[in-house]
Amino acid sequence: MKITTSSIILSLTACSSASALAATETRRVLVTGAAGQTGQHIFRKLLAKPGYTPIGAVRSEESRQALLAGTAGIGATNDDATQIPPDSVVVCDITNADTSALDKLLADCDALMICTSAKPAPTGEINEETKRPVFGFPNGQPELVDWAGQKNLIDAAKKATKKDVHVVLCGSMGGTNPNNSLNNLGKITNSDGSVTGGDILKWKRKSEVYLMNESVCHTRLFTQEDS
């Protein structure tokens, strides 16, 4: 789906806990994956929208500097030309087993936008059988990013100081189809013949199911993926 300002605001006010806030009260929203395409689009829209204080979370200092410079993800556009305040972008590895930094970030938030995702990239190799480029996940396999990391975020939202934090999960269509071709990206055949890695839509779906089964105010947004 196309993420628009109206759909973002609608998703953030869908739960009674969010809509019950006073009109003059600023809503603090943590946006993860803020240097990526979807995350940055949402982050910039919220920066320009009165009544919201978005905090963009990125994986590394390099990503933070690229976001502030307008060279990360989609970059700044004419519609999203708002200057990003340096103190609104933080470095936080959501896959870290020690979630204390994540817990602190979410402690006073009203909402959480989960836009993080493992990102496939060509390894430079060619599959001898198919003659097609081989893809990998240089910044973390889907099991780590789309499952463990997103689970850490959902759990942190449950522990937040402000109760009923509204969690908005940006997922992908196709998660219920185990044969979707995107699940083949990044798979590794080990020396013993076993296959590990990949399965990005399966891990995304596992996070969605986990969120649905938790007592958390939430909204799920889906983007169309090629199959």
# chains A, B, ... in the order shown; residues from 1 in each chain; ligands from 1
>>> residues_around(residues="stretch 178-184 of chain A", least_positions_apart="3", cutoff="10 Å", atoms="only C-alpha atoms", output="MDAnalysis selection string")
chainID A and resid 120 135 142 174:175 187:188 197:203 225:227
>>> select_by_dssp(residues="stretch 80-205 of chain A", states="strand (DSSP E or B)", output="list of chain:residue names")
A:Val89, A:Val90, A:Val91, A:Ala111, A:Leu112, A:Met113, A:Ile114, A:Ala121, A:Pro122, A:Thr123, A:Gly124, A:Glu125, A:Ile126, A:Pro133, A:Val134, A:Phe135, A:Gly136, A:His166, A:Val167, A:Val168, A:Leu169, A:Cys170, A:Gly171, A:Ser172, A:Ile188, A:Thr189, A:Val195, A:Thr196
>>> residues_around(residues="A:Gln150", least_positions_apart="6", cutoff="10 Å", atoms="only C-alpha atoms", output="list in words")
Thr32, Ile94, Thr95, Ile114, Cys115, Thr116, Ser117, Glu143, Leu144, Ala156, Leu169, Trp203, Lys204, Lys206, Ser207, Glu208, Tyr210 and Leu211 of chain A
>>> closest_residue(among="A:Gln40, A:Ile154, A:Cys109, A:Gly70", to="A:Val216", atoms="only C-alpha atoms")
A:Ile154
>>> select_by_dssp(residues="stretch 122-216 of chain A", states="alpha helix (DSSP H)", output="MDAnalysis selection string")
chainID A and resid 142 150:159 200:213
>>> write_last_selection(atoms="N, CA, C and O atoms", output="mmCIF file, in the first residue's frame")
data_model
loop_
_atom_site.group_PDB
_atom_site.id
_atom_site.type_symbol
_atom_site.label_atom_id
_atom_site.label_comp_id
_atom_site.auth_asym_id
_atom_site.auth_seq_id
_atom_site.Cartn_x
_atom_site.Cartn_y
_atom_site.Cartn_z
ATOM 1 N N PRO A 142 16.750 -12.429 8.295
ATOM 2 C CA PRO A 142 15.375 -12.141 8.726
ATOM 3 C C PRO A 142 15.016 -12.699 10.095
ATOM 4 O O PRO A 142 14.266 -12.062 10.840
ATOM 5 N N GLN A 150 11.958 -7.514 16.111
ATOM 6 C CA GLN A 150 10.589 -7.017 16.252
ATOM 7 C C GLN A 150 9.942 -7.515 17.541
ATOM 8 O O GLN A 150 9.152 -6.799 18.160
ATOM 9 N N LYS A 151 10.264 -8.720 17.949
ATOM 10 C CA LYS A 151 9.754 -9.221 19.227
ATOM 11 C C LYS A 151 10.280 -8.363 20.377
ATOM 12 O O LYS A 151 9.535 -8.043 21.316
ATOM 13 N N ASN A 152 11.565 -7.978 20.312
ATOM 14 C CA ASN A 152 12.131 -7.100 21.340
ATOM 15 C C ASN A 152 11.355 -5.789 21.415
ATOM 16 O O ASN A 152 11.090 -5.259 22.506
ATOM 17 N N LEU A 153 10.983 -5.249 20.259
ATOM 18 C CA LEU A 153 10.227 -3.990 20.221
ATOM 19 C C LEU A 153 8.843 -4.150 20.853
ATOM 20 O O LEU A 153 8.410 -3.303 21.642
ATOM 21 N N ILE A 154 8.155 -5.214 20.496
ATOM 22 C CA ILE A 154 6.815 -5.455 21.039
ATOM 23 C C ILE A 154 6.876 -5.643 22.548
ATOM 24 O O ILE A 154 6.059 -5.092 23.297
ATOM 25 N N ASP A 155 7.874 -6.395 23.006
ATOM 26 C CA ASP A 155 8.017 -6.618 24.449
ATOM 27 C C ASP A 155 8.346 -5.317 25.184
ATOM 28 O O ASP A 155 7.859 -5.084 26.291
ATOM 29 N N ALA A 156 9.169 -4.464 24.561
ATOM 30 C CA ALA A 156 9.515 -3.182 25.172
ATOM 31 C C ALA A 156 8.290 -2.284 25.265
ATOM 32 O O ALA A 156 8.114 -1.545 26.241
ATOM 33 N N ALA A 157 7.425 -2.346 24.258
ATOM 34 C CA ALA A 157 6.193 -1.543 24.279
ATOM 35 C C ALA A 157 5.290 -1.974 25.427
ATOM 36 O O ALA A 157 4.622 -1.151 26.056
ATOM 37 N N LYS A 158 5.285 -3.265 25.715
ATOM 38 C CA LYS A 158 4.453 -3.771 26.818
ATOM 39 C C LYS A 158 4.958 -3.289 28.176
ATOM 40 O O LYS A 158 4.181 -3.143 29.118
ATOM 41 N N LYS A 159 6.275 -3.021 28.249
ATOM 42 C CA LYS A 159 6.877 -2.604 29.521
ATOM 43 C C LYS A 159 6.921 -1.093 29.684
ATOM 44 O O LYS A 159 7.380 -0.601 30.715
ATOM 45 N N ILE A 200 12.213 -14.646 4.696
ATOM 46 C CA ILE A 200 11.892 -13.336 5.254
ATOM 47 C C ILE A 200 10.406 -13.158 5.545
ATOM 48 O O ILE A 200 10.033 -12.618 6.601
ATOM 49 N N LEU A 201 9.538 -13.623 4.646
ATOM 50 C CA LEU A 201 8.104 -13.433 4.886
ATOM 51 C C LEU A 201 7.587 -14.342 5.992
ATOM 52 O O LEU A 201 6.635 -13.989 6.697
ATOM 53 N N LYS A 202 8.210 -15.502 6.162
ATOM 54 C CA LYS A 202 7.811 -16.393 7.261
ATOM 55 C C LYS A 202 8.126 -15.758 8.608
ATOM 56 O O LYS A 202 7.329 -15.816 9.549
ATOM 57 N N TRP A 203 9.310 -15.135 8.711
ATOM 58 C CA TRP A 203 9.693 -14.508 9.982
ATOM 59 C C TRP A 203 8.863 -13.260 10.251
ATOM 60 O O TRP A 203 8.509 -12.964 11.396
ATOM 61 N N LYS A 204 8.536 -12.512 9.181
ATOM 62 C CA LYS A 204 7.654 -11.359 9.351
ATOM 63 C C LYS A 204 6.281 -11.811 9.871
ATOM 64 O O LYS A 204 5.691 -11.174 10.740
ATOM 65 N N ARG A 205 5.811 -12.893 9.310
ATOM 66 C CA ARG A 205 4.506 -13.406 9.725
ATOM 67 C C ARG A 205 4.538 -13.855 11.184
ATOM 68 O O ARG A 205 3.564 -13.656 11.926
ATOM 69 N N LYS A 206 5.645 -14.447 11.603
ATOM 70 C CA LYS A 206 5.751 -14.886 12.995
ATOM 71 C C LYS A 206 5.646 -13.693 13.938
ATOM 72 O O LYS A 206 5.002 -13.778 14.997
ATOM 73 N N SER A 207 6.243 -12.570 13.563
ATOM 74 C CA SER A 207 6.145 -11.357 14.379
ATOM 75 C C SER A 207 4.714 -10.838 14.426
ATOM 76 O O SER A 207 4.234 -10.390 15.463
ATOM 77 N N GLU A 208 4.036 -10.886 13.273
ATOM 78 C CA GLU A 208 2.644 -10.436 13.221
ATOM 79 C C GLU A 208 1.767 -11.266 14.151
ATOM 80 O O GLU A 208 0.943 -10.723 14.898
ATOM 81 N N VAL A 209 1.944 -12.587 14.102
ATOM 82 C CA VAL A 209 1.146 -13.476 14.948
ATOM 83 C C VAL A 209 1.447 -13.215 16.426
ATOM 84 O O VAL A 209 0.542 -13.195 17.262
ATOM 85 N N TYR A 210 2.719 -12.991 16.737
ATOM 86 C CA TYR A 210 3.106 -12.691 18.122
ATOM 87 C C TYR A 210 2.410 -11.420 18.599
ATOM 88 O O TYR A 210 1.870 -11.376 19.710
ATOM 89 N N LEU A 211 2.406 -10.390 17.749
ATOM 90 C CA LEU A 211 1.762 -9.134 18.110
ATOM 91 C C LEU A 211 0.263 -9.325 18.308
ATOM 92 O O LEU A 211 -0.324 -8.799 19.265
ATOM 93 N N MET A 212 -0.364 -10.082 17.424
ATOM 94 C CA MET A 212 -1.804 -10.302 17.522
ATOM 95 C C MET A 212 -2.196 -11.055 18.787
ATOM 96 O O MET A 212 -3.292 -10.865 19.323
ATOM 97 N N ASN A 213 -1.294 -11.904 19.266
ATOM 98 C CA ASN A 213 -1.593 -12.711 20.447
ATOM 99 C C ASN A 213 -1.282 -12.005 21.758
ATOM 100 O O ASN A 213 -1.604 -12.527 22.839
#
>>> atom_distance(atom1="atom CA of A:Ala69", atom2="atom CA of A:Leu112")
24.0 Å
>>> residues_around(residues="A:Gly124", least_positions_apart="3", cutoff="12 Å", atoms="only C-alpha atoms", output="PyMOL selection string")
chain A and resi 121+127+132-136+138
>>> write_last_selection(atoms="N, CA and C atoms", output="mmCIF file, in the first residue's frame")
data_model
loop_
_atom_site.group_PDB
_atom_site.id
_atom_site.type_symbol
_atom_site.label_atom_id
_atom_site.label_comp_id
_atom_site.auth_asym_id
_atom_site.auth_seq_id
_atom_site.Cartn_x
_atom_site.Cartn_y
_atom_site.Cartn_z
ATOM 1 N N ALA A 121 20.592 -8.071 -0.473
ATOM 2 C CA ALA A 121 21.500 -7.384 -1.391
ATOM 3 C C ALA A 121 22.332 -8.421 -2.139
ATOM 4 N N ASN A 127 24.636 -17.878 -9.095
ATOM 5 C CA ASN A 127 24.209 -19.265 -8.918
ATOM 6 C C ASN A 127 24.502 -20.032 -10.204
ATOM 7 N N ARG A 132 21.630 -16.855 -11.975
ATOM 8 C CA ARG A 132 21.101 -15.613 -11.430
ATOM 9 C C ARG A 132 21.965 -15.134 -10.267
ATOM 10 N N PRO A 133 21.918 -13.834 -9.967
ATOM 11 C CA PRO A 133 22.710 -13.311 -8.841
ATOM 12 C C PRO A 133 22.280 -13.951 -7.526
ATOM 13 N N VAL A 134 23.233 -14.159 -6.643
ATOM 14 C CA VAL A 134 22.958 -14.695 -5.312
ATOM 15 C C VAL A 134 22.754 -13.525 -4.350
ATOM 16 N N PHE A 135 21.697 -13.581 -3.555
ATOM 17 C CA PHE A 135 21.396 -12.519 -2.594
ATOM 18 C C PHE A 135 21.686 -12.985 -1.170
ATOM 19 N N GLY A 136 22.095 -12.041 -0.358
ATOM 20 C CA GLY A 136 22.304 -12.313 1.055
ATOM 21 C C GLY A 136 21.715 -11.194 1.889
ATOM 22 N N PRO A 138 23.343 -8.756 4.360
ATOM 23 C CA PRO A 138 24.578 -8.288 5.001
ATOM 24 C C PRO A 138 24.395 -7.644 6.365
#
>>> residues_around(residues="A:Val58", least_positions_apart="6", cutoff="12 Å", atoms="only C-alpha atoms", output="ChimeraX atom specification")
/A:30-36,39-40,43,64-68,72-73,88-95,102,114-117
>>> write_last_selection(atoms="N, CA, C and O atoms", output="compact mmCIF listing (two decimals), in the first residue's frame")
# COMPACT_ATOMS: atom_id res chain seq x y z
N LEU A 30 8.02 6.51 18.50
CA LEU A 30 9.31 5.93 18.10
C LEU A 30 9.13 5.26 16.75
O LEU A 30 8.28 4.38 16.59
N VAL A 31 9.94 5.67 15.78
CA VAL A 31 9.89 5.09 14.43
C VAL A 31 11.18 4.32 14.20
O VAL A 31 12.27 4.90 14.13
N THR A 32 11.10 2.99 14.12
CA THR A 32 12.30 2.20 13.88
C THR A 32 12.51 2.02 12.38
O THR A 32 11.58 2.12 11.58
N GLY A 33 13.76 1.78 12.01
CA GLY A 33 14.08 1.70 10.58
C GLY A 33 13.94 3.05 9.91
O GLY A 33 13.59 3.15 8.73
N ALA A 34 14.25 4.12 10.65
CA ALA A 34 14.00 5.48 10.17
C ALA A 34 14.91 5.89 9.01
O ALA A 34 14.67 6.92 8.38
N ALA A 35 15.96 5.13 8.73
CA ALA A 35 16.83 5.45 7.61
C ALA A 35 16.44 4.69 6.35
O ALA A 35 17.01 4.91 5.29
N GLY A 36 15.46 3.79 6.47
CA GLY A 36 15.00 3.02 5.33
C GLY A 36 13.94 3.77 4.55
O GLY A 36 13.55 4.88 4.90
N GLY A 39 10.35 3.64 6.64
CA GLY A 39 10.56 4.30 7.93
C GLY A 39 10.88 5.77 7.79
O GLY A 39 10.35 6.61 8.54
N GLN A 40 11.71 6.10 6.83
CA GLN A 40 12.08 7.51 6.65
C GLN A 40 10.89 8.33 6.16
O GLN A 40 10.71 9.48 6.58
N PHE A 43 8.76 8.88 9.20
CA PHE A 43 9.47 9.75 10.13
C PHE A 43 9.40 11.21 9.69
O PHE A 43 9.09 12.11 10.48
N ARG A 64 22.71 7.03 10.90
CA ARG A 64 22.23 8.27 11.50
C ARG A 64 22.75 9.48 10.73
O ARG A 64 21.99 10.40 10.42
N GLN A 65 24.05 9.49 10.44
CA GLN A 65 24.64 10.61 9.72
C GLN A 65 24.07 10.72 8.31
O GLN A 65 23.84 11.83 7.81
N ALA A 66 23.82 9.58 7.66
CA ALA A 66 23.25 9.60 6.31
C ALA A 66 21.82 10.14 6.33
O ALA A 66 21.42 10.88 5.43
N LEU A 67 21.06 9.79 7.37
CA LEU A 67 19.69 10.29 7.49
C LEU A 67 19.69 11.80 7.70
O LEU A 67 18.92 12.53 7.06
N LEU A 68 20.55 12.28 8.58
CA LEU A 68 20.62 13.72 8.85
C LEU A 68 21.09 14.50 7.62
O LEU A 68 20.67 15.64 7.40
N ALA A 72 20.22 8.95 3.04
CA ALA A 72 19.81 7.60 3.38
C ALA A 72 18.43 7.31 2.82
O ALA A 72 17.58 8.19 2.73
N GLY A 73 18.20 6.06 2.43
CA GLY A 73 16.87 5.66 1.99
C GLY A 73 16.35 6.52 0.86
O GLY A 73 17.01 6.71 -0.17
N SER A 88 16.69 14.16 17.36
CA SER A 88 15.51 13.33 17.13
C SER A 88 15.87 11.98 16.49
O SER A 88 14.98 11.18 16.20
N VAL A 89 17.17 11.75 16.26
CA VAL A 89 17.61 10.49 15.66
C VAL A 89 18.57 9.79 16.62
O VAL A 89 19.55 10.39 17.06
N VAL A 90 18.28 8.56 16.96
CA VAL A 90 19.09 7.81 17.91
C VAL A 90 19.57 6.50 17.29
O VAL A 90 18.92 5.95 16.41
N VAL A 91 20.70 6.02 17.77
CA VAL A 91 21.24 4.73 17.33
C VAL A 91 20.81 3.68 18.34
O VAL A 91 21.07 3.81 19.53
N CYS A 92 20.14 2.64 17.85
CA CYS A 92 19.69 1.57 18.75
C CYS A 92 19.56 0.28 17.96
O CYS A 92 18.83 0.22 16.96
N ASP A 93 20.29 -0.74 18.37
CA ASP A 93 20.23 -2.04 17.71
C ASP A 93 19.11 -2.86 18.34
O ASP A 93 19.24 -3.35 19.46
N ILE A 94 18.01 -3.00 17.62
CA ILE A 94 16.84 -3.68 18.18
C ILE A 94 17.07 -5.18 18.35
O ILE A 94 16.30 -5.86 19.02
N THR A 95 18.13 -5.72 17.72
CA THR A 95 18.40 -7.15 17.82
C THR A 95 19.27 -7.50 19.01
O THR A 95 19.52 -8.68 19.27
N LEU A 102 16.61 -0.09 24.48
CA LEU A 102 15.31 -0.08 23.81
C LEU A 102 14.19 0.22 24.80
O LEU A 102 13.28 1.00 24.51
N ILE A 114 6.88 0.19 13.79
CA ILE A 114 7.92 -0.80 13.47
C ILE A 114 8.09 -0.86 11.96
O ILE A 114 7.26 -1.43 11.24
N CYS A 115 9.19 -0.27 11.49
CA CYS A 115 9.47 -0.23 10.04
C CYS A 115 10.78 -0.93 9.70
O CYS A 115 11.29 -0.80 8.59
N THR A 116 11.35 -1.63 10.66
CA THR A 116 12.61 -2.33 10.43
C THR A 116 12.36 -3.60 9.62
O THR A 116 11.32 -4.24 9.73
N SER A 117 13.34 -3.95 8.81
CA SER A 117 13.25 -5.17 8.01
C SER A 117 14.64 -5.56 7.54
O SER A 117 15.49 -4.69 7.26
>>> residues_around(residues="A:Gly140", least_positions_apart="4", cutoff="9 Å", atoms="only C-alpha atoms", output="number ranges by chain")
A: 118-119, 144-145
>>> closest_residue(among="A:Thr71, A:Trp147, A:Asn139, A:Leu106", to="A:Gln37", atoms="only C-alpha atoms")
A:Thr71
>>> atom_distance(atom1="atom CA of A:Glu61", atom2="atom CA of A:Leu46")
21.8 Å
